[in-house]
Amino acid sequence: MIIFSYIAQAYYVFYLCKEIKQSQSNRHNKLMNSMEYRVLGKTGFKVSEVSLGTWQLGSKWGDAFDEQTAQDTLEAAYEQGVNFFDTADIYQNGMSEKSIGKFLKTKKDKIYVVTKCGRKLNPHVAEGYTEENITRFVSESIQNMGVESLDLVLLHCPPTEVYHKPEVFKALDKLKQQGAIRHYGVSVERVDEALAALAYDISAIEIIFNMFRLKPAEELFAKAREANVGIIVRVPLASGLLTGKYTENTAFGKDDHRSFNRNGDFFDKGETFSGIDYLTGIKAAQELKASLGVENLSAKALRYILMFPEVSTVIPGASSPRQIIENAAASSLPPFTNEEMATVQAVYDNNIRRQIHQLW
Ligand SMILES: NC(=O)c1ccc[n+]([C@@H]2O[C@H](COP(=O)([O-])OP(=O)(O)OC[C@H]3O[C@@H](n4cnc5c(N)ncnc54)[C@H](OP(=O)(O)O)[C@@H]3O)[C@@H](O)[C@H]2O)c1
C-alpha cells in the first residue's frame, strides 16, 4: 500500500513537471509567434526582424562586466523570439563574444551571430587589414565563442581605402573556402563605402539607418536588393534620441560615448546620436512624438525602419530587459500609414537633412 502511494506521488510530480514545462514552452512559442523573420540577403539565414545589438552587453557604459546580466539580457531577447545577435571582437574586450558563445550552448535552436573584426588594429589603418591579421582576428572570435565557424563576419568600419583593396576581400574568400566563416560583409560609416563594397561577394551590409538618417533608403537599398545583399540596421534609435525620452538636462555617464564622442573626438562622429546635434535631435524627437501620437517613440521608430523591405533586421541596443521587450513589440505593430511616412520625411527634411545628409 505504501509502495503504491509512493508511486502515485512520484507520478503526480512527474505529471506536474511535464505540465509546467509544456506551459513554459507554449509561452515561448507564443512569444516567438509575434516576432516576424526575414531573410538576410544571400546568407539565406531567417533572422528575427528585431534583433539585439550587444555593444553594451553585461555592463552599462564603463561599469565592470557582469556575466549574469549578460546572460539575462540574451535570455530576455531570446524569449521575445530574437535569433540574431550583433557583436564585435572588441565589444567589452571580447566578453560580449564570450558571453554569446556561452549562451549559444544553452539553446538547441539555431541562433545566428554576426561579429566584426578590424578594430583591434592600433593604429586603425588600412595597411593593417592584411590576410594574416584578418585570419588571426577570425580565429580569436571562433575561440571566444567556442564555435567551429563564424556565421557572418563583417569588417568593422574600416578606413575608406580598404574598400579599394581587393586583396582584403580575397582573404575573406579564402577564409570562407577554408570553412572558418560562412559569410562575410562590411559594417560601414557611409553610403559611398557601402556602394563600393557591393563590388565584392559580400552577403550583408551593416549601416546606420533611422528616422534621423534617411540617405541609405534613397541611395543604397535598391542596389543592395539587386545584389541580394542583406541590410543590418545599427543605431536604429540614434543612440536613444529616437526614444523621445531625453531632455536638455539628461546626464550620461562619464564613460558613456554619449558624453565624450558627441563631436567625434574618439570615433566617427556619425555613430553617437547618429551624428545629429543633441538639442536638434531632442526637438525633432518631440515633434515626431506629437505627430505620431506616442509617449515612448522607441517601437514606432523601429517599426518605421521595418517599413523598408530591404532591411533584414534592426539591432537596437538595450540597457534593460524591459527595453528589449518594448523593442521586440515593434515587430507586431501595424504598418505606418502614408500620412505617418510623410510626417517622418517632413521632420527629417525640416530639421535634419541640411545638417547631416551629405556627411554619411
Ligand atoms: N561600427 C559598428 O559596426 C557599430 C557602431 C555602433 C553600434 N553598433 C551596433 O549597433 C547596436 C545598437 O547601437 P546603439 O546601442 O549604440 O544605439 P541604439 O540602438 O540606437 O540606442 C540604444 C539605446 O537606446 C536606449 N533604448 C533602447 N531601447 C529603449 C526603449 N525601449 N526605451 C527607452 N530607451 C531605449 C538605451 O539607452 P539608455 O542608456 O538611455 O537606456 C540604449 O542604450 C550596438 O549594440 C552594436 O551592436 C555597431
# chains A, B, ... in the order shown; residues from 1 in each chain; ligands from 1

call {"tool": "select_by_dssp", "arguments": {"residues": "stretch 73-138 of chain A", "states": "alpha helix (DSSP H)", "output": "PyMOL selection string"}}
result
chain A and resi 73-79+95-104+131-138

call {"tool": "residues_near_ligand", "arguments": {"ligand": "ligand 1", "cutoff": "7 Å", "atoms": "only C-alpha atoms and all ligand atoms", "output": "PyMOL selection string"}}
result
chain A and resi 52-56+86-87+156-157+187-188+206+234-240+243+245+271+296+298-299+315-319+322-324+326-327

call {"tool": "write_last_selection", "arguments": {"atoms": "C-alpha atoms", "output": "PDB file, in the first residue's frame"}}
result
ATOM      1  CA  LEU A  52      19.834  42.689 -30.401  1.00  0.00           C
ATOM      2  CA  GLY A  53      22.993  44.799 -30.521  1.00  0.00           C
ATOM      3  CA  THR A  54      25.450  43.782 -27.801  1.00  0.00           C
ATOM      4  CA  TRP A  55      27.967  46.610 -27.692  1.00  0.00           C
ATOM      5  CA  GLN A  56      26.976  47.346 -24.079  1.00  0.00           C
ATOM      6  CA  ASP A  86      25.224  41.534 -33.308  1.00  0.00           C
ATOM      7  CA  THR A  87      28.623  41.659 -31.620  1.00  0.00           C
ATOM      8  CA  HIS A 156      34.310  46.802 -38.612  1.00  0.00           C
ATOM      9  CA  CYS A 157      34.015  50.220 -40.272  1.00  0.00           C
ATOM     10  CA  SER A 187      29.897  47.466 -41.417  1.00  0.00           C
ATOM     11  CA  VAL A 188      30.178  50.919 -42.953  1.00  0.00           C
ATOM     12  CA  GLU A 206      25.579  46.905 -41.564  1.00  0.00           C
ATOM     13  CA  ARG A 234      22.532  49.574 -36.447  1.00  0.00           C
ATOM     14  CA  VAL A 235      21.967  52.550 -34.106  1.00  0.00           C
ATOM     15  CA  PRO A 236      18.264  52.433 -35.069  1.00  0.00           C
ATOM     16  CA  LEU A 237      17.285  54.685 -32.161  1.00  0.00           C
ATOM     17  CA  ALA A 238      20.015  57.264 -32.817  1.00  0.00           C
ATOM     18  CA  SER A 239      21.708  56.161 -29.556  1.00  0.00           C
ATOM     19  CA  GLY A 240      18.399  56.587 -27.718  1.00  0.00           C
ATOM     20  CA  THR A 243      13.016  57.025 -27.833  1.00  0.00           C
ATOM     21  CA  LYS A 245      12.897  60.339 -23.541  1.00  0.00           C
ATOM     22  CA  GLU A 271      27.878  56.976 -34.599  1.00  0.00           C
ATOM     23  CA  ASN A 296       7.581  56.365 -25.972  1.00  0.00           C
ATOM     24  CA  SER A 298      11.083  53.518 -29.499  1.00  0.00           C
ATOM     25  CA  ALA A 299       8.867  50.812 -31.005  1.00  0.00           C
ATOM     26  CA  ILE A 315      19.736  45.651 -33.890  1.00  0.00           C
ATOM     27  CA  PRO A 316      18.802  48.112 -31.108  1.00  0.00           C
ATOM     28  CA  GLY A 317      20.997  48.132 -28.026  1.00  0.00           C
ATOM     29  CA  ALA A 318      19.227  47.955 -24.676  1.00  0.00           C
ATOM     30  CA  SER A 319      20.139  48.831 -21.126  1.00  0.00           C
ATOM     31  CA  ARG A 322      12.181  45.990 -20.340  1.00  0.00           C
ATOM     32  CA  GLN A 323      13.641  47.884 -23.287  1.00  0.00           C
ATOM     33  CA  ILE A 324      14.179  44.589 -25.118  1.00  0.00           C
ATOM     34  CA  GLU A 326       9.340  47.093 -25.820  1.00  0.00           C
ATOM     35  CA  ASN A 327      11.607  46.972 -28.853  1.00  0.00           C
TER      36      ASN A 327
END

call {"tool": "closest_residue", "arguments": {"among": "A:Ala222, A:Leu154, A:Val314, A:Ala290", "to": "A:Thr343", "atoms": "only C-alpha atoms"}}
result
A:Ala290

call {"tool": "residues_around", "arguments": {"residues": "A:Ala329", "least_positions_apart": "6", "cutoff": "9 Å", "atoms": "only C-alpha atoms", "output": "PDB file with N, CA and C atoms, in the first residue's frame"}}
result
ATOM      1  N   SER A  34       4.909  36.136 -32.227  1.00  0.00           N
ATOM      2  CA  SER A  34       4.642  37.534 -32.543  1.00  0.00           C
ATOM      3  C   SER A  34       5.855  38.200 -33.198  1.00  0.00           C
ATOM      4  N   MET A  35       6.964  37.496 -33.254  1.00  0.00           N
ATOM      5  CA  MET A  35       8.146  38.042 -33.936  1.00  0.00           C
ATOM      6  C   MET A  35       8.125  37.580 -35.396  1.00  0.00           C
ATOM      7  N   VAL A  50      13.509  42.122 -35.514  1.00  0.00           N
ATOM      8  CA  VAL A  50      14.073  42.928 -34.434  1.00  0.00           C
ATOM      9  C   VAL A  50      15.055  42.023 -33.691  1.00  0.00           C
ATOM     10  N   GLN A  80      11.843  36.789 -26.540  1.00  0.00           N
ATOM     11  CA  GLN A  80      10.998  37.581 -27.445  1.00  0.00           C
ATOM     12  C   GLN A  80      11.073  37.065 -28.885  1.00  0.00           C
ATOM     13  N   ALA A 299       9.387  51.876 -30.137  1.00  0.00           N
ATOM     14  CA  ALA A 299       8.867  50.812 -31.005  1.00  0.00           C
ATOM     15  C   ALA A 299       8.443  51.384 -32.356  1.00  0.00           C
ATOM     16  N   ARG A 303       9.671  50.303 -35.990  1.00  0.00           N
ATOM     17  CA  ARG A 303       8.683  49.867 -36.996  1.00  0.00           C
ATOM     18  C   ARG A 303       8.864  50.644 -38.297  1.00  0.00           C
TER      19      ARG A 303
END

call {"tool": "select_by_dssp", "arguments": {"residues": "stretch 203-337 of chain A", "states": "strand (DSSP E or B)", "output": "list in words"}}
result
Ala204, Ile205, Glu206, Ile207, Ile208, Asn210, Arg213, Gly230, Ile231, Ile232, Val233, Arg234, Val311, Ser312, Thr313 and Val314 of chain A
